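This report refers to the structure that appears directly beneath it.
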Amino acid sequence: MTRVVIWVSNLNRSAEFYKDLFETSSAYVTETFASVSNADNEVLLHLLPEQYRGEPSTGEQNPIKPVFSVQSIDQARAVALKHGLSFKAESMVHGNSEYLDGKDPDGHVIQVAVTQK
């Protein structure tokens, strides 16, 4: 399981995005924290203190890029579109996995991956 903590400016928007990306209908959400998970991934979302909230970042300054397992690259693209986001047009294949880069609602660079069995 991949588990990552991400600081966000809009907790509800990010929780909804990750619920759709992970294809799960439930999440634990409080006023300042959310946990969204499925069998393969868990994201722990912490609401930034108000003085640090702002527009989504460009993502280039992020020192890490979390990789989340998904069932379908096409489904991940559809989720991004539903949330007004986008992933790169071209995916990459390495070994038996296909990878696709994109951004979450706060502009964090993320990657989704499908592993062929």
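By order of appearance in the structure tokens: chains A, B, ..., then residues from 1 within every chain, and ligands from 1 in the order shown.
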I want to know what sits within 9 Å of Lys65 in chain A, based on only C-alpha atoms, with residues of the same chain fewer than 3 positions away left out; could you give that as a PyMOL selection string? chain A and resi 62+108-111
Give me a file of those residues, with N, CA, C and O atoms, as a compact mmCIF listing (two decimals), in the first residue's frame.
# COMPACT_ATOMS: atom_id res chain seq x y z
N ASN A 62 7.83 20.66 -6.09
CA ASN A 62 7.63 19.50 -5.22
C ASN A 62 8.85 18.59 -5.26
O ASN A 62 9.29 18.18 -6.32
N HIS A 108 -0.14 19.49 -6.76
CA HIS A 108 0.92 18.53 -6.48
C HIS A 108 1.08 17.59 -7.68
O HIS A 108 0.09 17.06 -8.20
N VAL A 109 2.31 17.38 -8.11
CA VAL A 109 2.57 16.43 -9.18
C VAL A 109 2.41 15.03 -8.62
O VAL A 109 2.99 14.68 -7.58
N ILE A 110 1.57 14.23 -9.29
CA ILE A 110 1.36 12.85 -8.89
C ILE A 110 1.53 11.96 -10.12
O ILE A 110 1.57 12.45 -11.25
N GLN A 111 1.61 10.68 -9.88
CA GLN A 111 1.68 9.72 -10.97
C GLN A 111 0.72 8.59 -10.65
O GLN A 111 0.59 8.18 -9.49
Which residues are close to Thr2 in chain A, i.e. within 7 Å by only C-alpha atoms, leaving aside same-chain residues fewer than 6 positions away? Reply as a list in words. Asp40, Asn41, Glu42 and Phe68 of chain A
Within chain A, find each residue whose DSSP state, derived from the backbone, is alpha helix (DSSP H), and express the selection as a PyMOL selection string. chain A and resi 11-21+73-82
Residue nearest Pro105 in chain A - candidates A:Met92, A:Thr32, A:Phe87, A:Val70, atoms counted: only C-alpha atoms: A:Phe87
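Here the question is which of A:Asp74, A:Glu23, A:Glu98, A:Glu31 gets nearest to Leu45 in chain A using only C-alpha atoms, and that residue is A:Glu31.
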Shell around Val36 in chain A at 12 Å using only C-alpha atoms, local window under 4 positions removed, as a VMD selection string: chain A and resid 2 to 6 11 to 12 14 to 30 40 to 46
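Selecting strand (DSSP E or B) from the backbone DSSP output for range 10-101 of chain A yields Tyr28, Val29, Phe33, Ala34, Ser35, Val36, Ser37, Asn41, Glu42, Val43, Leu44, Leu45, His46, Leu47, Val67, Phe68, Ser69, Phe87, Met92, Val93, His94, Ser97, Glu98, Tyr99, Leu100 and Asp101 of chain A.
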Written file, previous selection with N, CA and C atoms, as a PDB file, in the first residue's frame:
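File produced: selection14.pdb:
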ATOM      1  N   TYR A  28     -12.701   9.242   5.499  1.00  0.00           N
ATOM      2  CA  TYR A  28     -12.811   9.810   6.828  1.00  0.00           C
ATOM      3  C   TYR A  28     -12.434  11.278   6.699  1.00  0.00           C
ATOM      4  N   VAL A  29     -13.366  12.177   7.009  1.00  0.00           N
ATOM      5  CA  VAL A  29     -13.117  13.604   6.826  1.00  0.00           C
ATOM      6  C   VAL A  29     -13.532  14.353   8.084  1.00  0.00           C
ATOM      7  N   PHE A  33      -8.717  17.395   8.454  1.00  0.00           N
ATOM      8  CA  PHE A  33      -8.005  16.171   8.077  1.00  0.00           C
ATOM      9  C   PHE A  33      -8.940  15.243   7.316  1.00  0.00           C
ATOM     10  N   ALA A  34      -8.367  14.516   6.349  1.00  0.00           N
ATOM     11  CA  ALA A  34      -9.123  13.476   5.653  1.00  0.00           C
ATOM     12  C   ALA A  34      -8.197  12.311   5.352  1.00  0.00           C
ATOM     13  N   SER A  35      -8.760  11.125   5.391  1.00  0.00           N
ATOM     14  CA  SER A  35      -8.056   9.912   4.986  1.00  0.00           C
ATOM     15  C   SER A  35      -8.902   9.250   3.914  1.00  0.00           C
ATOM     16  N   VAL A  36      -8.313   9.047   2.751  1.00  0.00           N
ATOM     17  CA  VAL A  36      -8.996   8.400   1.639  1.00  0.00           C
ATOM     18  C   VAL A  36      -8.154   7.200   1.250  1.00  0.00           C
ATOM     19  N   SER A  37      -8.785   6.023   1.152  1.00  0.00           N
ATOM     20  CA  SER A  37      -7.992   4.833   0.850  1.00  0.00           C
ATOM     21  C   SER A  37      -8.802   3.789   0.100  1.00  0.00           C
ATOM     22  N   ASN A  41      -3.916   2.062  -1.937  1.00  0.00           N
ATOM     23  CA  ASN A  41      -3.436   3.427  -1.688  1.00  0.00           C
ATOM     24  C   ASN A  41      -4.108   4.033  -0.476  1.00  0.00           C
ATOM     25  N   GLU A  42      -3.388   4.942   0.170  1.00  0.00           N
ATOM     26  CA  GLU A  42      -4.003   5.779   1.202  1.00  0.00           C
ATOM     27  C   GLU A  42      -3.367   7.154   1.128  1.00  0.00           C
ATOM     28  N   VAL A  43      -4.205   8.177   1.106  1.00  0.00           N
ATOM     29  CA  VAL A  43      -3.714   9.549   1.149  1.00  0.00           C
ATOM     30  C   VAL A  43      -4.292  10.195   2.400  1.00  0.00           C
ATOM     31  N   LEU A  44      -3.398  10.811   3.169  1.00  0.00           N
ATOM     32  CA  LEU A  44      -3.781  11.528   4.377  1.00  0.00           C
ATOM     33  C   LEU A  44      -3.683  13.012   4.060  1.00  0.00           C
ATOM     34  N   LEU A  45      -4.809  13.683   4.020  1.00  0.00           N
ATOM     35  CA  LEU A  45      -4.869  15.089   3.628  1.00  0.00           C
ATOM     36  C   LEU A  45      -4.969  15.962   4.867  1.00  0.00           C
ATOM     37  N   HIS A  46      -4.063  16.905   4.982  1.00  0.00           N
ATOM     38  CA  HIS A  46      -4.069  17.857   6.089  1.00  0.00           C
ATOM     39  C   HIS A  46      -4.340  19.250   5.520  1.00  0.00           C
ATOM     40  N   LEU A  47      -5.300  19.946   6.102  1.00  0.00           N
ATOM     41  CA  LEU A  47      -5.623  21.295   5.659  1.00  0.00           C
ATOM     42  C   LEU A  47      -4.527  22.255   6.100  1.00  0.00           C
ATOM     43  N   VAL A  67       3.229   7.918  -6.304  1.00  0.00           N
ATOM     44  CA  VAL A  67       2.698   7.067  -7.367  1.00  0.00           C
ATOM     45  C   VAL A  67       1.544   6.260  -6.766  1.00  0.00           C
ATOM     46  N   PHE A  68       0.369   6.350  -7.391  1.00  0.00           N
ATOM     47  CA  PHE A  68      -0.803   5.641  -6.916  1.00  0.00           C
ATOM     48  C   PHE A  68      -1.214   4.572  -7.919  1.00  0.00           C
ATOM     49  N   SER A  69      -1.525   3.381  -7.417  1.00  0.00           N
ATOM     50  CA  SER A  69      -2.012   2.291  -8.260  1.00  0.00           C
ATOM     51  C   SER A  69      -3.463   2.549  -8.619  1.00  0.00           C
ATOM     52  N   PHE A  87      -4.128  15.214 -16.964  1.00  0.00           N
ATOM     53  CA  PHE A  87      -2.903  14.431 -16.918  1.00  0.00           C
ATOM     54  C   PHE A  87      -2.202  14.613 -18.256  1.00  0.00           C
ATOM     55  N   MET A  92       3.791   6.452 -20.026  1.00  0.00           N
ATOM     56  CA  MET A  92       5.086   5.793 -20.200  1.00  0.00           C
ATOM     57  C   MET A  92       4.941   4.340 -19.792  1.00  0.00           C
ATOM     58  N   VAL A  93       5.660   3.466 -20.456  1.00  0.00           N
ATOM     59  CA  VAL A  93       5.660   2.051 -20.094  1.00  0.00           C
ATOM     60  C   VAL A  93       7.063   1.682 -19.646  1.00  0.00           C
ATOM     61  N   HIS A  94       7.129   1.033 -18.501  1.00  0.00           N
ATOM     62  CA  HIS A  94       8.401   0.536 -17.985  1.00  0.00           C
ATOM     63  C   HIS A  94       8.134  -0.837 -17.401  1.00  0.00           C
ATOM     64  N   SER A  97       4.493  -2.175 -16.258  1.00  0.00           N
ATOM     65  CA  SER A  97       3.633  -1.110 -15.730  1.00  0.00           C
ATOM     66  C   SER A  97       3.534   0.060 -16.694  1.00  0.00           C
ATOM     67  N   GLU A  98       2.366   0.680 -16.693  1.00  0.00           N
ATOM     68  CA  GLU A  98       2.132   1.902 -17.463  1.00  0.00           C
ATOM     69  C   GLU A  98       1.944   3.036 -16.468  1.00  0.00           C
ATOM     70  N   TYR A  99       2.608   4.159 -16.698  1.00  0.00           N
ATOM     71  CA  TYR A  99       2.600   5.299 -15.791  1.00  0.00           C
ATOM     72  C   TYR A  99       2.075   6.543 -16.502  1.00  0.00           C
ATOM     73  N   LEU A 100       1.431   7.411 -15.726  1.00  0.00           N
ATOM     74  CA  LEU A 100       0.920   8.658 -16.270  1.00  0.00           C
ATOM     75  C   LEU A 100       1.067   9.752 -15.219  1.00  0.00           C
ATOM     76  N   ASP A 101       1.660  10.875 -15.604  1.00  0.00           N
ATOM     77  CA  ASP A 101       1.841  12.011 -14.709  1.00  0.00           C
ATOM     78  C   ASP A 101       0.664  12.971 -14.801  1.00  0.00           C
TER      79      ASP A 101
END
How many Å lie between CA of Glu90 in chain A and CA of Gly107 in chain A, rounded to one decimal?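 Straight-line distance from CA of Glu90 in chain A to CA of Gly107 in chain A works out to 18.9 Å.
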Mind pulling up the distance from CA of Gln116 in chain A to CA of Pro63 in chain A?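 Here the two named atoms are 28.1 Å from each other.
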Rank nothing, just name the residue among A:Leu48, A:Val8, A:Val79, A:Ala113 nearest to Ser91 in chain A, using only C-alpha atoms.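 That would be A:Ala113, the residue with the smallest distance to Ser91 in chain A.
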